[in-house]
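Heads up, upload_18.txt below (compact mmCIF, C-alpha atoms):
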# COMPACT_ATOMS: atom_id res chain seq x y z
CA MET A 117 75.52 40.13 75.60
CA PRO A 118 75.48 40.89 79.33
CA PRO A 119 77.79 38.50 81.19
CA LEU A 120 75.06 37.00 83.42
CA GLN A 121 72.50 36.42 80.68
CA GLY A 122 71.15 32.91 81.14
CA ILE A 123 71.80 32.94 84.91
CA THR A 124 68.72 32.55 87.11
CA VAL A 125 68.71 33.85 90.68
CA LEU A 126 66.18 32.95 93.37
CA ASP A 127 66.04 35.88 95.78
CA PHE A 128 64.63 34.97 99.21
CA THR A 129 65.92 38.19 100.82
CA THR A 130 64.22 41.28 102.22
CA LEU A 131 65.03 44.90 103.02
CA LEU A 132 68.43 46.08 101.73
CA PRO A 133 71.54 43.83 101.65
CA GLY A 134 70.22 40.82 99.74
CA PRO A 135 67.88 42.73 97.42
CA LEU A 136 70.69 45.09 96.41
CA ALA A 137 73.02 42.15 95.74
CA ALA A 138 70.34 40.54 93.57
CA LEU A 139 69.79 43.86 91.79
CA MET A 140 73.48 44.03 90.86
CA LEU A 141 73.21 40.57 89.33
CA ALA A 142 70.04 41.61 87.50
CA GLU A 143 71.75 44.71 86.09
CA ALA A 144 74.42 42.39 84.68
CA GLY A 145 71.80 40.33 82.86
CA ALA A 146 70.63 37.71 85.37
CA ARG A 147 66.98 36.76 85.68
CA VAL A 148 66.00 37.41 89.30
CA ILE A 149 62.88 35.85 90.80
CA LYS A 150 62.06 37.46 94.13
CA ILE A 151 60.21 35.14 96.52
CA GLU A 152 57.90 37.13 98.82
CA ALA A 153 55.72 36.19 101.74
CA PRO A 154 51.95 36.62 101.31
CA GLY A 155 51.21 40.33 101.11
CA GLY A 156 54.81 41.22 100.27
CA GLU A 157 57.92 41.95 102.29
CA ASP A 158 58.31 44.71 104.89
CA PHE A 159 60.32 46.97 102.56
CA ARG A 160 57.16 47.56 100.52
CA HIS A 161 56.01 49.81 103.37
CA PHE A 162 59.22 51.77 103.97
CA PRO A 163 59.36 55.53 103.23
CA PRO A 164 59.68 57.55 101.18
CA MET A 165 56.34 56.71 99.57
CA SER A 166 55.28 57.86 96.11
CA GLY A 167 51.66 57.45 95.12
CA GLY A 168 51.18 54.94 97.92
CA TYR A 169 54.14 52.82 96.73
CA SER A 170 57.50 52.55 98.49
CA ALA A 171 60.20 54.27 96.46
CA SER A 172 62.76 52.35 98.55
CA PHE A 173 61.29 49.02 97.48
CA ALA A 174 61.08 50.16 93.85
CA ALA A 175 64.69 51.33 93.81
CA MET A 176 65.96 47.95 95.01
CA ASN A 177 63.68 45.63 93.06
CA ALA A 178 62.89 47.19 89.69
CA GLY A 179 63.28 44.68 86.89
CA LYS A 180 62.86 41.61 89.08
CA GLU A 181 60.08 39.08 88.82
CA THR A 182 58.12 38.42 92.01
CA LEU A 183 56.44 35.30 93.27
CA GLU A 184 54.25 35.10 96.37
CA ILE A 185 54.84 31.91 98.35
CA ASN A 186 54.09 31.06 101.96
CA LEU A 187 57.30 29.22 102.83
CA LYS A 188 55.65 27.74 105.93
CA ASP A 189 53.09 25.94 103.77
CA PRO A 190 54.04 22.24 103.45
CA ALA A 191 53.29 22.49 99.73
CA ALA A 192 55.80 25.32 99.23
CA LEU A 193 58.76 23.01 98.68
CA ASP A 194 56.95 21.10 95.95
CA ARG A 195 56.24 24.40 94.22
CA LEU A 196 59.85 25.55 94.58
CA ARG A 197 61.57 22.27 93.65
CA PRO A 198 61.49 22.75 89.85
CA MET A 199 62.62 26.36 90.26
CA ILE A 200 65.55 25.28 92.45
CA ALA A 201 66.47 22.60 89.93
CA ALA A 202 66.67 25.21 87.17
CA ALA A 203 68.36 28.00 89.16
CA ASP A 204 72.02 28.95 89.26
CA VAL A 205 72.05 31.10 92.39
CA LEU A 206 69.97 31.22 95.57
CA ILE A 207 70.32 34.14 98.00
CA GLU A 208 68.77 34.01 101.47
CA GLN A 209 68.94 36.38 104.42
CA PHE A 210 67.27 34.54 107.31
CA ARG A 211 68.95 33.81 110.62
CA PRO A 212 70.95 30.57 110.66
CA GLY A 213 68.67 27.55 110.83
CA VAL A 214 65.54 29.16 109.41
CA MET A 215 65.98 27.83 105.87
CA ALA A 216 66.65 24.37 107.32
CA ARG A 217 63.36 24.48 109.23
CA LEU A 218 61.64 25.39 105.97
CA GLY A 219 63.22 22.40 104.22
CA LEU A 220 65.48 24.70 102.20
CA SER A 221 68.89 24.20 103.81
CA TYR A 222 71.95 24.07 101.57
CA GLU A 223 72.10 20.30 101.98
CA ALA A 224 68.44 19.97 100.97
CA VAL A 225 68.69 22.13 97.86
CA ARG A 226 72.07 20.64 96.89
CA ALA A 227 70.28 17.30 96.65
CA ILE A 228 67.97 18.92 94.10
CA ASN A 229 70.63 20.95 92.28
CA PRO A 230 74.30 20.20 93.08
CA ARG A 231 75.42 23.06 90.80
CA LEU A 232 73.59 25.74 92.80
CA ILE A 233 75.53 28.67 94.29
CA TYR A 234 73.79 29.17 97.65
CA CYS A 235 74.56 32.48 99.38
CA SER A 236 73.53 33.11 102.99
CA ILE A 237 73.68 36.73 104.21
CA THR A 238 73.37 37.18 107.97
CA GLY A 239 74.45 39.66 110.61
CA TYR A 240 77.10 37.55 112.28
CA GLY A 241 77.48 34.56 109.99
CA GLN A 242 76.56 30.89 110.23
CA SER A 243 78.89 30.26 113.18
CA GLY A 244 80.09 31.96 116.35
CA PRO A 245 78.44 32.95 119.64
CA ARG A 246 76.47 35.81 118.05
CA ALA A 247 75.15 33.83 115.09
CA GLN A 248 71.54 33.97 116.36
CA GLU A 249 71.69 37.58 117.55
CA ALA A 250 69.47 40.20 115.90
CA GLY A 251 71.07 43.32 114.50
CA HIS A 252 71.11 46.05 111.89
CA ASP A 253 73.84 48.11 110.25
CA LEU A 254 74.35 50.33 113.31
CA ASN A 255 74.87 47.31 115.55
CA TYR A 256 77.37 45.67 113.22
CA ILE A 257 79.57 48.76 112.88
CA ALA A 258 79.25 49.37 116.63
CA ARG A 259 80.42 45.86 117.51
CA SER A 260 83.18 45.95 114.90
CA GLY A 261 84.88 48.91 116.56
CA MET A 262 84.45 51.06 113.47
CA LEU A 263 81.84 53.36 115.03
CA SER A 264 84.07 54.15 118.02
CA GLN A 265 86.54 55.97 115.77
CA SER A 266 84.26 58.93 115.04
CA THR A 267 81.18 59.13 117.25
CA GLY A 268 80.83 62.91 117.57
CA GLY A 269 81.17 62.54 121.33
CA PRO A 270 78.58 61.76 124.05
CA ALA A 271 76.92 65.17 123.81
CA HIS A 272 76.36 65.02 120.04
CA PRO A 273 76.51 61.39 118.85
CA VAL A 274 76.64 61.19 115.07
CA MET A 275 74.64 58.68 113.04
CA PRO A 276 76.77 57.51 110.09
CA PRO A 277 75.13 58.43 106.76
CA LEU A 278 76.48 55.33 105.02
CA LEU A 279 75.09 51.85 105.61
CA ALA A 280 78.59 50.44 105.54
CA ALA A 281 77.78 47.03 107.01
CA ASP A 282 74.57 46.43 105.05
CA ILE A 283 76.05 47.36 101.67
CA GLY A 284 79.81 47.12 102.16
CA GLY A 285 79.51 44.07 104.42
CA GLY A 286 76.47 42.40 102.88
CA SER A 287 75.62 43.31 99.28
CA PHE A 288 79.10 43.77 97.85
CA PRO A 289 80.75 40.67 99.40
CA ALA A 290 77.73 38.61 98.38
CA VAL A 291 78.06 39.62 94.73
CA ILE A 292 81.84 39.16 94.71
CA ASN A 293 81.61 35.69 96.19
CA ILE A 294 78.63 34.63 94.04
CA LEU A 295 80.65 35.53 90.95
CA LEU A 296 83.64 33.62 92.33
CA GLY A 297 81.33 30.68 93.02
CA LEU A 298 80.07 30.73 89.44
CA MET A 299 83.66 30.80 88.15
CA GLN A 300 84.59 27.87 90.38
CA ARG A 301 81.51 25.99 89.17
CA ASP A 302 82.63 26.52 85.59
CA ALA A 303 85.89 24.76 86.50
CA THR A 304 84.58 22.01 88.77
CA GLY A 305 80.88 21.60 87.96
CA ALA A 306 80.02 21.86 91.65
CA GLY A 307 78.03 24.47 93.52
CA SER A 308 78.95 25.91 96.91
CA HIS A 309 77.56 27.48 100.09
CA ILE A 310 78.73 31.06 100.72
CA ASP A 311 78.59 32.43 104.27
CA ILE A 312 78.42 36.25 104.32
CA ALA A 313 78.48 38.00 107.72
CA MET A 314 77.70 41.72 107.64
CA ALA A 315 79.60 42.27 110.90
CA ASP A 316 82.83 40.90 109.38
CA THR A 317 83.51 43.34 106.58
CA PRO A 318 83.63 46.59 108.61
CA ALA A 319 87.09 45.33 109.56
CA THR A 320 88.06 46.01 105.94
CA PHE A 321 87.01 49.65 106.33
CA ALA A 322 88.77 49.87 109.71
CA TRP A 323 92.16 48.81 108.35
CA HIS A 324 93.95 51.95 109.56
CA ALA A 325 92.43 51.72 113.03
CA ILE A 326 93.40 48.06 113.30
CA LEU A 327 96.98 48.85 112.29
CA THR A 328 97.08 51.75 114.75
CA ARG A 329 95.98 49.46 117.59
CA ALA A 330 98.37 46.70 116.55
CA VAL A 331 101.42 48.97 116.21
CA THR A 332 100.89 51.42 119.10
CA GLY A 333 98.99 49.22 121.53
CA ALA A 334 96.47 52.04 122.02
CA ASN A 335 92.92 52.36 120.78
CA PRO A 336 92.46 54.97 118.03
CA ARG A 337 91.32 58.30 119.45
CA ASP A 338 87.67 59.10 118.81
CA GLY A 339 87.77 61.76 116.08
CA GLY A 340 91.50 62.13 116.50
CA GLU A 341 93.25 59.97 113.93
CA LEU A 342 94.45 60.49 110.37
CA PHE A 343 91.10 59.81 108.68
CA THR A 344 88.75 60.86 111.49
CA GLY A 345 89.60 64.53 112.02
CA GLY A 346 92.88 64.40 113.91
CA GLU A 347 95.04 65.68 111.04
CA PRO A 348 94.68 69.29 109.71
CA ARG A 349 95.17 68.27 106.10
CA TYR A 350 92.26 65.77 106.12
CA ARG A 351 89.34 67.52 107.75
CA CYS A 352 86.20 69.62 107.27
CA TYR A 353 86.19 73.31 108.18
CA ALA A 354 83.17 75.62 108.55
CA ALA A 355 82.93 78.74 106.40
CA SER A 356 81.16 81.89 107.61
CA ASP A 357 77.82 80.76 106.14
CA GLY A 358 77.95 77.45 107.98
CA ARG A 359 78.78 75.33 104.96
CA LEU A 360 81.73 72.97 105.20
CA VAL A 361 84.94 72.94 103.21
CA ALA A 362 86.24 69.39 102.80
CA VAL A 363 90.05 69.44 102.79
CA GLY A 364 91.65 66.16 101.68
CA ALA A 365 95.09 67.58 100.87
CA MET A 366 97.07 64.57 102.11
CA GLU A 367 100.06 64.79 99.78
CA ASP A 368 102.54 67.61 100.38
CA LYS A 369 102.06 69.09 96.92
CA PHE A 370 98.34 69.56 97.60
CA TRP A 371 98.80 70.56 101.23
CA HIS A 372 101.19 73.40 100.40
CA ARG A 373 98.86 74.79 97.73
CA PHE A 374 96.14 74.96 100.37
CA CYS A 375 98.49 76.44 102.97
CA ASP A 376 99.65 79.14 100.55
CA ALA A 377 96.05 80.05 99.74
CA ILE A 378 95.08 80.60 103.37
CA GLY A 379 98.47 81.90 104.59
CA LEU A 380 99.26 79.12 107.06
CA PRO A 381 102.70 79.89 108.59
CA ALA A 382 105.53 77.58 107.57
CA GLU A 383 106.10 76.35 111.13
CA LEU A 384 102.55 74.94 111.23
CA ARG A 385 102.72 72.98 107.98
CA GLY A 386 104.79 69.90 108.82
CA TRP A 387 103.50 66.50 109.91
CA ASP A 388 105.20 67.12 113.27
CA ALA A 389 103.84 70.67 113.68
CA ASP A 390 101.66 71.84 116.57
CA THR A 391 98.38 70.28 115.43
CA PRO A 392 96.01 72.27 117.69
CA ARG A 393 97.60 75.56 116.62
CA ALA A 394 97.46 74.61 112.93
CA MET A 395 93.81 73.60 113.19
CA ALA A 396 92.91 76.77 115.07
CA PHE A 397 94.57 78.91 112.40
CA ILE A 398 92.81 77.08 109.56
CA GLU A 399 89.44 77.18 111.33
CA ALA A 400 89.71 80.94 111.82
CA ALA A 401 90.85 81.53 108.25
CA ILE A 402 88.04 79.48 106.69
CA ALA A 403 85.43 80.95 109.06
CA ALA A 404 86.35 84.48 107.91
CA ARG A 405 84.80 84.04 104.43
CA ASN A 406 81.75 82.30 103.00
CA SER A 407 81.70 79.04 101.10
CA GLU A 408 81.34 80.67 97.68
CA HIS A 409 84.55 82.59 98.28
CA TRP A 410 86.35 79.37 99.15
CA ARG A 411 84.78 77.56 96.22
CA ALA A 412 86.27 80.19 93.92
CA VAL A 413 89.66 80.25 95.65
CA LEU A 414 90.30 76.66 96.67
CA GLU A 415 88.60 74.38 94.16
CA PRO A 416 90.64 75.68 91.19
CA LEU A 417 93.85 74.72 93.04
CA ASP A 418 93.20 71.06 92.17
CA ALA A 419 94.37 70.15 95.67
CA CYS A 420 91.64 67.71 96.77
CA ILE A 421 89.43 70.44 98.25
CA CYS A 422 85.72 71.01 97.70
CA ILE A 423 82.57 72.36 99.31
CA VAL A 424 80.40 69.68 100.93
CA ALA A 425 77.46 69.29 98.56
CA THR A 426 73.82 68.84 99.44
CA VAL A 427 71.97 65.90 97.90
CA GLU A 428 70.21 68.35 95.57
CA GLU A 429 73.56 69.75 94.41
CA ALA A 430 75.02 66.28 93.96
CA MET A 431 72.07 65.17 91.81
CA ALA A 432 72.57 68.23 89.59
CA ASP A 433 76.37 67.97 89.42
CA PRO A 434 77.43 67.77 85.75
CA GLN A 435 79.97 65.07 86.66
CA PHE A 436 77.34 62.68 88.01
CA VAL A 437 74.68 63.69 85.51
CA GLY A 438 77.11 63.09 82.67
CA ARG A 439 77.92 59.61 83.97
CA GLY A 440 74.23 58.75 84.29
CA LEU A 441 74.15 58.03 88.01
CA TYR A 442 70.56 59.16 88.44
CA ALA A 443 69.23 58.57 84.93
CA ARG A 444 68.06 54.99 85.38
CA ARG A 445 64.54 54.93 86.76
CA ALA A 446 62.06 52.58 88.39
CA GLU A 447 58.52 52.92 87.03
CA LEU A 448 55.83 52.72 89.71
CA PRO A 449 52.38 51.18 89.15
CA ASP A 450 50.80 54.65 88.75
CA GLY A 451 53.12 55.47 85.84
CA SER A 452 55.42 57.82 87.78
CA SER A 453 59.05 56.95 88.33
CA VAL A 454 61.84 57.31 90.88
CA PRO A 455 65.61 56.84 90.56
CA ARG A 456 66.49 53.20 90.96
CA ALA A 457 69.45 52.22 93.08
CA PHE A 458 72.74 52.93 91.36
CA VAL A 459 74.86 49.80 91.15
CA PRO A 460 78.54 49.78 90.15
CA VAL A 461 78.11 47.61 87.07
CA ALA A 462 80.11 48.97 84.14
CA PRO A 463 78.00 50.01 81.12
CA GLN A 464 79.41 47.25 78.88
CA PHE A 465 78.17 44.63 81.37
CA ARG A 466 74.69 46.01 81.94
CA SER A 467 71.49 44.40 80.80
CA GLY A 468 70.72 46.69 77.89
CA ASP A 469 70.44 50.47 77.90
CA ASP A 470 66.89 50.57 79.22
CA ALA A 471 66.58 53.78 81.20
CA VAL A 472 63.37 52.61 82.91
CA LYS A 473 62.50 49.29 84.51
CA LYS A 474 59.16 48.47 86.06
CA ALA A 475 58.93 48.08 89.82
CA PRO A 476 57.18 44.88 90.97
CA ALA A 477 53.42 45.15 91.20
CA GLY A 478 51.67 44.98 94.53
CA LEU A 479 50.96 41.60 96.07
Translate the structure of the given file into structure tokens.
Amino acid sequence: MPPLQGITVLDFTTLLPGPLAALMLAEAGARVIKIEAPGGEDFRHFPPMSGGYSASFAAMNAGKETLEINLKDPAALDRLRPMIAAADVLIEQFRPGVMARLGLSYEAVRAINPRLIYCSITGYGQSGPRAQEAGHDLNYIARSGMLSQSTGGPAHPVMPPLLAADIGGGSFPAVINILLGLMQRDATGAGSHIDIAMADTPATFAWHAILTRAVTGANPRDGGELFTGGEPRYRCYAASDGRLVAVGAMEDKFWHRFCDAIGLPAELRGWDADTPRAMAFIEAAIAARNSEHWRAVLEPLDACICIVATVEEAMADPQFVGRGLYARRAELPDGSSVPRAFVPVAPQFRSGDDAVKKAPAGL
């Protein structure tokens, strides 16, 4: 039996952080009822589209029930009251104060259901001078200091490919704390209000930068620290065909295997070696041959080195195919299907082995 079977979740969230958190709970057996505004939420119109239906929305919401309610209608609370009374978890993603104006504050719903775990996901949390400020993932990682560590420089600013604040700062902490809230409720019988701020958790990812600043008194160098390109043994190098070789040979045993393979002189191998000279040597060596040569030479060393894969290559990689990362699908209204969002719920905790779940119908 999946561990969250019998748990009912009311999902008032939109876009990515809250819906992904609710999806994780659904994959572990919870019944998720998604409350949508008339006509549906904005994510229903986000690309990529498949047959006129948003694949993004399908990936995040397959398997959920949906209910269209105008929360501004005075009758909405009467309609929601029995659902709140029967629910175990409520997730909302409005700015602080919005749910209160709708008559759905934590205090209001606690009066209906004192056992409810009420999770609020916002950009900057329920308190603090930025609590009412609008933002998205890019803003949260920018304000947190995390983005400053590897920007690509003013001439070529890099957009991070990972939505670290939305998922790492919103979805994951929400699920962790909801599960902790349910455990606490089992012990005490009382619900709780969980305050998740997406701008808080990037500090977890920036642990090394924070320590660097605390110990040295200097800000981490943009693109110049241990994990951001400042160390030869943890860096990407371009082969002659333009593809990148990802070298993560941090430990000496791995580093020396790599150095032997490319002929890096002994005086350039130590942690205290001339870093610019070492990097220049490695760059020239890797640039002299194509990526397939380096795949054949370096990957068999088992030294934490690989060729940077395209999305197509990753989706065909026997490792990920064998573990079923892309096998679970969301069925669209026209009968076609797209991969649904992968969630890190272990197989023994998942809600059945159903490979396909239906995406919500149009509203």
May I have a table of the residues of segment 422-464 of chain A lying at most 12 Å from segment 391-407 of chain A, giving each one's closest pair of atoms and their distance in Å to one decimal, counting only C-alpha atoms, ordered by chain and ascending residue number, as a tab-separated table?
residue	atom	partner	partner_atom	distance
A:Cys422	CA	A:Ser407	CA	9.6
A:Ile423	CA	A:Ser407	CA	7.0
A:Val424	CA	A:Ser407	CA	9.5
A:Ala425	CA	A:Ser407	CA	10.9
Shortest contact to Ser236 of chain A, candidates A:Arg373, A:His252, A:His324, A:Arg211, atoms counted only C-alpha atoms, goes to A:Arg211
Around segment 192-201 of chain A, with edges along x, y and z and 3 Å added on all six sides, what centre and edge lengths do you get, in Å to one decimal, as JSON?
{"center_x": 61.1, "center_y": 23.7, "center_z": 94.5, "size_x": 16.7, "size_y": 11.3, "size_z": 15.4}
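Excluding Leu126 of chain A itself and same-chain residues fewer than 6 positions from it, the residues having an atom within 8 Å of it are A:Val148, A:Ile149, A:Lys150, A:Ile151, A:Ile200, A:Ala203, A:Val205, A:Leu206, A:Ile207, counting only C-alpha atoms.
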Which residues come within 9 Å of Cys352 of chain A, counting all atoms listed in the file, excluding same-chain residues fewer than 4 positions away, as a PDB file with C-alpha atoms, in the coordinates of the input?
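The resulting file, selection28.pdb, is shown below:
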ATOM      1  CA  GLY A 345      89.600  64.530 112.020  1.00  0.00           C
ATOM      2  CA  PRO A 348      94.680  69.290 109.710  1.00  0.00           C
ATOM      3  CA  LEU A 360      81.730  72.970 105.200  1.00  0.00           C
ATOM      4  CA  VAL A 361      84.940  72.940 103.210  1.00  0.00           C
ATOM      5  CA  ALA A 362      86.240  69.390 102.800  1.00  0.00           C
ATOM      6  CA  VAL A 363      90.050  69.440 102.790  1.00  0.00           C
ATOM      7  CA  GLY A 364      91.650  66.160 101.680  1.00  0.00           C
ATOM      8  CA  VAL A 424      80.400  69.680 100.930  1.00  0.00           C
TER       9      VAL A 424
END
Extract, using all atoms listed in the file, all DNA, RNA and protein residues at most 10 Å from Asp368 of chain A, discarding same-chain residues fewer than 2 positions from it, and format them as an MDAnalysis selection string.
chainID A and resid 349 365:366 370:374 385:387 419
What residues have an atom no more than 10 Å from (67.9, 22.0, 99.4) in the file's own frame, counting all atoms listed in the file, and can you write them as number ranges by chain?
A: 193, 197, 200-201, 215-216, 218-230, 232, 234
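With all atoms listed in the file as the basis for measurement, A:Ile312 is the residue among A:Ile312, A:Ile185, A:Ala144, A:Cys375 that approaches Asn293 of chain A most closely.
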Using only C-alpha atoms, which residue out of A:Phe210, A:Tyr240, A:Tyr350, A:Trp410 lies closest to Thr317 of chain A?
A:Tyr240
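Proximity of A:Ala354, A:Leu136, A:Ala303, A:Ile421 to Ala290 of chain A, computed with only C-alpha atoms, is greatest for A:Leu136.
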Local residues around (66.4, 39.2, 99.1), at most 7 Å away, using only C-alpha atoms, as a short mmCIF file (atom, residue, chain, number, x, y, z; two decimals) with C-alpha atoms, keeping the file's coordinate frame:
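Output file out_5.cif follows:
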data_model
loop_
_atom_site.label_atom_id
_atom_site.label_comp_id
_atom_site.auth_asym_id
_atom_site.auth_seq_id
_atom_site.Cartn_x
_atom_site.Cartn_y
_atom_site.Cartn_z
CA ASP A 127 66.04 35.88 95.78
CA PHE A 128 64.63 34.97 99.21
CA THR A 129 65.92 38.19 100.82
CA THR A 130 64.22 41.28 102.22
CA GLY A 134 70.22 40.82 99.74
CA PRO A 135 67.88 42.73 97.42
CA ALA A 138 70.34 40.54 93.57
CA LYS A 150 62.06 37.46 94.13
CA ILE A 207 70.32 34.14 98.00
CA GLU A 208 68.77 34.01 101.47
CA GLN A 209 68.94 36.38 104.42
#
Atom CA of Lys474 of chain A and atom CA of Arg439 of chain A are how many Å apart?
21.9 Å
One decimal place gives the atom CA of Gly155 of chain A-atom CA of Ser172 of chain A separation as 16.9 Å
Please indicate the distance in Å from atom CA of Gly468 of chain A to atom CA of Pro455 of chain A, rounded to one decimal place.
17.0 Å
For Leu254 of chain A, work out the shell of residues within 12 Å, counting all atoms listed in the file and skipping chain neighbours fewer than 4 positions away, then give it as a list in words.
Gly239, Ala250, Ala258, Arg259, Ser260, Gly261, Met262, Leu263, Ser264, Thr267, Val274, Met275, Pro276, Pro277, Leu278, Leu279, Ala280, Ala281, Asp282, Met314, Ala315 and Pro318 of chain A
Using all atoms listed in the file, which of A:Ala475, A:Leu327, A:Ile310, A:Ile257 sits nearest Arg160 of chain A?
A:Ala475
12 Å contact set for Leu441 of chain A, only C-alpha atoms, chain neighbours under 5 positions out, as a VMD selection string
chain A and resid 430 to 436 455 to 463 471
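For the set A:Tyr353, A:Gly284, A:Leu296, A:Glu249, the residue with the smallest atom-to-atom gap to Thr320 of chain A is A:Gly284, counting all atoms listed in the file.
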